[in-house]
file run01.pdb (PDB, C-alpha atoms, pLDDT in the B column)
ATOM      1  CA  MET A   1       7.344 -14.835  -5.067  1.00 60.00           C
ATOM      2  CA  ASP A   2       7.931 -17.462  -7.718  1.00 77.00           C
ATOM      3  CA  GLU A   3       6.401 -20.945  -7.744  1.00 81.00           C
ATOM      4  CA  ALA A   4       9.436 -22.593  -6.123  1.00 84.00           C
ATOM      5  CA  GLY A   5       9.440 -20.082  -3.284  1.00 81.00           C
ATOM      6  CA  GLU A   6       5.733 -20.517  -2.732  1.00 80.00           C
ATOM      7  CA  ALA A   7       6.075 -24.319  -2.703  1.00 82.00           C
ATOM      8  CA  ALA A   8       8.887 -24.067  -0.139  1.00 84.00           C
ATOM      9  CA  PHE A   9       6.793 -21.743   2.024  1.00 81.00           C
ATOM     10  CA  LEU A  10       3.780 -24.068   1.916  1.00 80.00           C
ATOM     11  CA  ALA A  11       5.954 -27.096   2.752  1.00 83.00           C
ATOM     12  CA  ALA A  12       7.511 -25.307   5.724  1.00 84.00           C
ATOM     13  CA  ALA A  13       4.081 -24.212   6.946  1.00 81.00           C
ATOM     14  CA  ARG A  14       2.796 -27.786   6.764  1.00 81.00           C
ATOM     15  CA  GLU A  15       5.821 -29.030   8.754  1.00 83.00           C
ATOM     16  CA  HIS A  16       5.027 -26.565  11.523  1.00 82.00           C
ATOM     17  CA  GLY A  17       1.372 -27.580  11.592  1.00 78.00           C
ATOM     18  CA  GLY A  18       0.061 -24.419   9.995  1.00 70.00           C
ATOM     19  CA  ALA A  19      -2.813 -24.643   7.587  1.00 69.00           C
ATOM     20  CA  VAL A  20      -2.212 -22.335   4.653  1.00 67.00           C
ATOM     21  CA  THR A  21      -5.129 -21.631   2.386  1.00 70.00           C
ATOM     22  CA  PRO A  22      -4.808 -19.401  -0.663  1.00 64.00           C
ATOM     23  CA  VAL A  23      -6.823 -16.214  -0.765  1.00 65.00           C
ATOM     24  CA  LEU A  24      -8.396 -15.121  -4.005  1.00 58.00           C
ATOM     25  CA  VAL A  25      -8.045 -11.426  -4.674  1.00 59.00           C
ATOM     26  CA  ALA A  26     -10.202  -9.577  -7.162  1.00 61.00           C
ATOM     27  CA  VAL A  27      -8.139  -7.257  -9.336  1.00 58.00           C
ATOM     28  CA  ARG A  28      -9.761  -4.144 -10.682  1.00 59.00           C
ATOM     29  CA  ASP A  29      -9.335  -3.278 -14.310  1.00 60.00           C
ATOM     30  CA  ASP A  30      -7.098  -0.210 -14.625  1.00 57.00           C
ATOM     31  CA  ALA A  31      -9.169   0.913 -17.629  1.00 49.00           C
ATOM     32  CA  ALA A  32     -12.190   1.267 -15.328  1.00 56.00           C
ATOM     33  CA  GLU A  33     -10.149   3.409 -12.920  1.00 64.00           C
ATOM     34  CA  ASP A  34     -11.839   6.428 -11.391  1.00 74.00           C
ATOM     35  CA  LYS A  35     -10.904   9.495 -13.447  1.00 81.00           C
ATOM     36  CA  THR A  36     -12.028  12.131 -10.938  1.00 87.00           C
ATOM     37  CA  PRO A  37      -9.422  14.801 -10.213  1.00 90.00           C
ATOM     38  CA  LEU A  38      -7.150  14.146  -7.247  1.00 91.00           C
ATOM     39  CA  PRO A  39      -7.341  16.493  -4.252  1.00 92.00           C
ATOM     40  CA  PRO A  40      -4.571  19.033  -3.681  1.00 94.00           C
ATOM     41  CA  LEU A  41      -1.577  17.829  -1.670  1.00 93.00           C
ATOM     42  CA  ASP A  42      -2.080  20.466   1.026  1.00 93.00           C
ATOM     43  CA  THR A  43      -5.618  19.180   1.648  1.00 94.00           C
ATOM     44  CA  LEU A  44      -4.423  15.622   2.160  1.00 93.00           C
ATOM     45  CA  VAL A  45      -1.486  16.611   4.370  1.00 93.00           C
ATOM     46  CA  ALA A  46      -3.843  18.700   6.518  1.00 94.00           C
ATOM     47  CA  ARG A  47      -5.875  15.541   7.199  1.00 95.00           C
ATOM     48  CA  ILE A  48      -2.871  13.932   8.928  1.00 93.00           C
ATOM     49  CA  PRO A  49      -2.786  14.845  12.635  1.00 95.00           C
ATOM     50  CA  ALA A  50       0.009  17.275  13.535  1.00 94.00           C
ATOM     51  CA  GLU A  51       1.570  14.800  15.989  1.00 94.00           C
ATOM     52  CA  VAL A  52       1.799  12.155  13.270  1.00 93.00           C
ATOM     53  CA  ARG A  53       3.330  14.591  10.779  1.00 92.00           C
ATOM     54  CA  GLU A  54       5.927  15.611  13.379  1.00 92.00           C
ATOM     55  CA  THR A  55       6.765  11.980  14.144  1.00 92.00           C
ATOM     56  CA  LEU A  56       7.076  11.129  10.443  1.00 91.00           C
ATOM     57  CA  GLU A  57       9.432  14.073   9.971  1.00 90.00           C
ATOM     58  CA  GLU A  58      11.439  13.144  13.065  1.00 91.00           C
ATOM     59  CA  LEU A  59      11.805   9.441  12.252  1.00 92.00           C
ATOM     60  CA  PHE A  60      11.955   9.387   8.470  1.00 90.00           C
ATOM     61  CA  ARG A  61      12.619  12.977   7.358  1.00 88.00           C
ATOM     62  CA  ILE A  62       9.544  12.497   5.204  1.00 81.00           C
ATOM     63  CA  LYS A  63       8.472  15.132   2.740  1.00 82.00           C
ATOM     64  CA  PHE A  64       5.190  14.954   0.868  1.00 86.00           C
ATOM     65  CA  THR A  65       5.778  15.848  -2.768  1.00 88.00           C
ATOM     66  CA  GLY A  66       2.655  14.976  -4.717  1.00 90.00           C
ATOM     67  CA  VAL A  67      -0.606  13.114  -5.092  1.00 90.00           C
ATOM     68  CA  ARG A  68      -0.689  10.137  -7.464  1.00 89.00           C
ATOM     69  CA  ARG A  69      -3.025   7.280  -8.255  1.00 87.00           C
ATOM     70  CA  VAL A  70      -1.614   3.813  -7.674  1.00 84.00           C
ATOM     71  CA  PRO A  71      -2.905   1.001  -9.897  1.00 83.00           C
ATOM     72  CA  ALA A  72      -4.859  -1.576  -7.914  1.00 80.00           C
ATOM     73  CA  LYS A  73      -2.513  -4.352  -9.042  1.00 80.00           C
ATOM     74  CA  HIS A  74       0.283  -2.695  -7.022  1.00 82.00           C
ATOM     75  CA  LEU A  75      -1.688  -2.692  -3.758  1.00 81.00           C
ATOM     76  CA  ASN A  76      -1.693  -5.475  -1.172  1.00 79.00           C
ATOM     77  CA  ASN A  77      -5.214  -6.342  -0.116  1.00 64.00           C
TER      78      ASN A  77
END
call {"tool": "encode", "arguments": {"input": "run01.pdb", "output": "structure tokens"}}
result
Amino acid sequence: MDEAGEAAFLAAAREHGGAVTPVLVAVRDDAAEDKTPLPPLDTLVARIPAEVRETLEELFRIKFTGVRRVPAKHLNN
């Protein structure tokens, strides 16, 4: 969201009586990222209950293809 969009959101929230307070989020340094090896895909998929895997397949035709690290800056806290 850019500054204009954020300003519009805050103005609309104030009009509706909502109190919007910003939340500070600590961002980890990617250089300090954990370098331990990632677990095998089969191990992680096995941790998902069978019913959930079936539902994911049924609704989204999901297929697990790999294990990757996601930089902290790309995660919503």
call {"tool": "resolve_selection", "arguments": {"input": "run01.pdb", "expression": "the PyMOL selection byres ((chain A and resi 40) around 12)", "output": "list in words"}}
result
Pro37, Leu38, Pro39, Leu41, Asp42, Thr43, Leu44, Val45, Ala46, Arg47, Phe64, Thr65, Gly66, Val67 and Arg68 of chain A
call {"tool": "atom_distance", "arguments": {"input": "run01.pdb", "atom1": "atom CA of A:Ala13", "atom2": "atom CA of A:Asn76"}}
result
21.2 Å
call {"tool": "atom_distance", "arguments": {"input": "run01.pdb", "atom1": "atom CA of A:Gly17", "atom2": "atom CA of A:Gly5"}}
result
18.5 Å
call {"tool": "atom_distance", "arguments": {"input": "run01.pdb", "atom1": "atom CA of A:Arg69", "atom2": "atom CA of A:Asp34"}}
result
9.4 Å
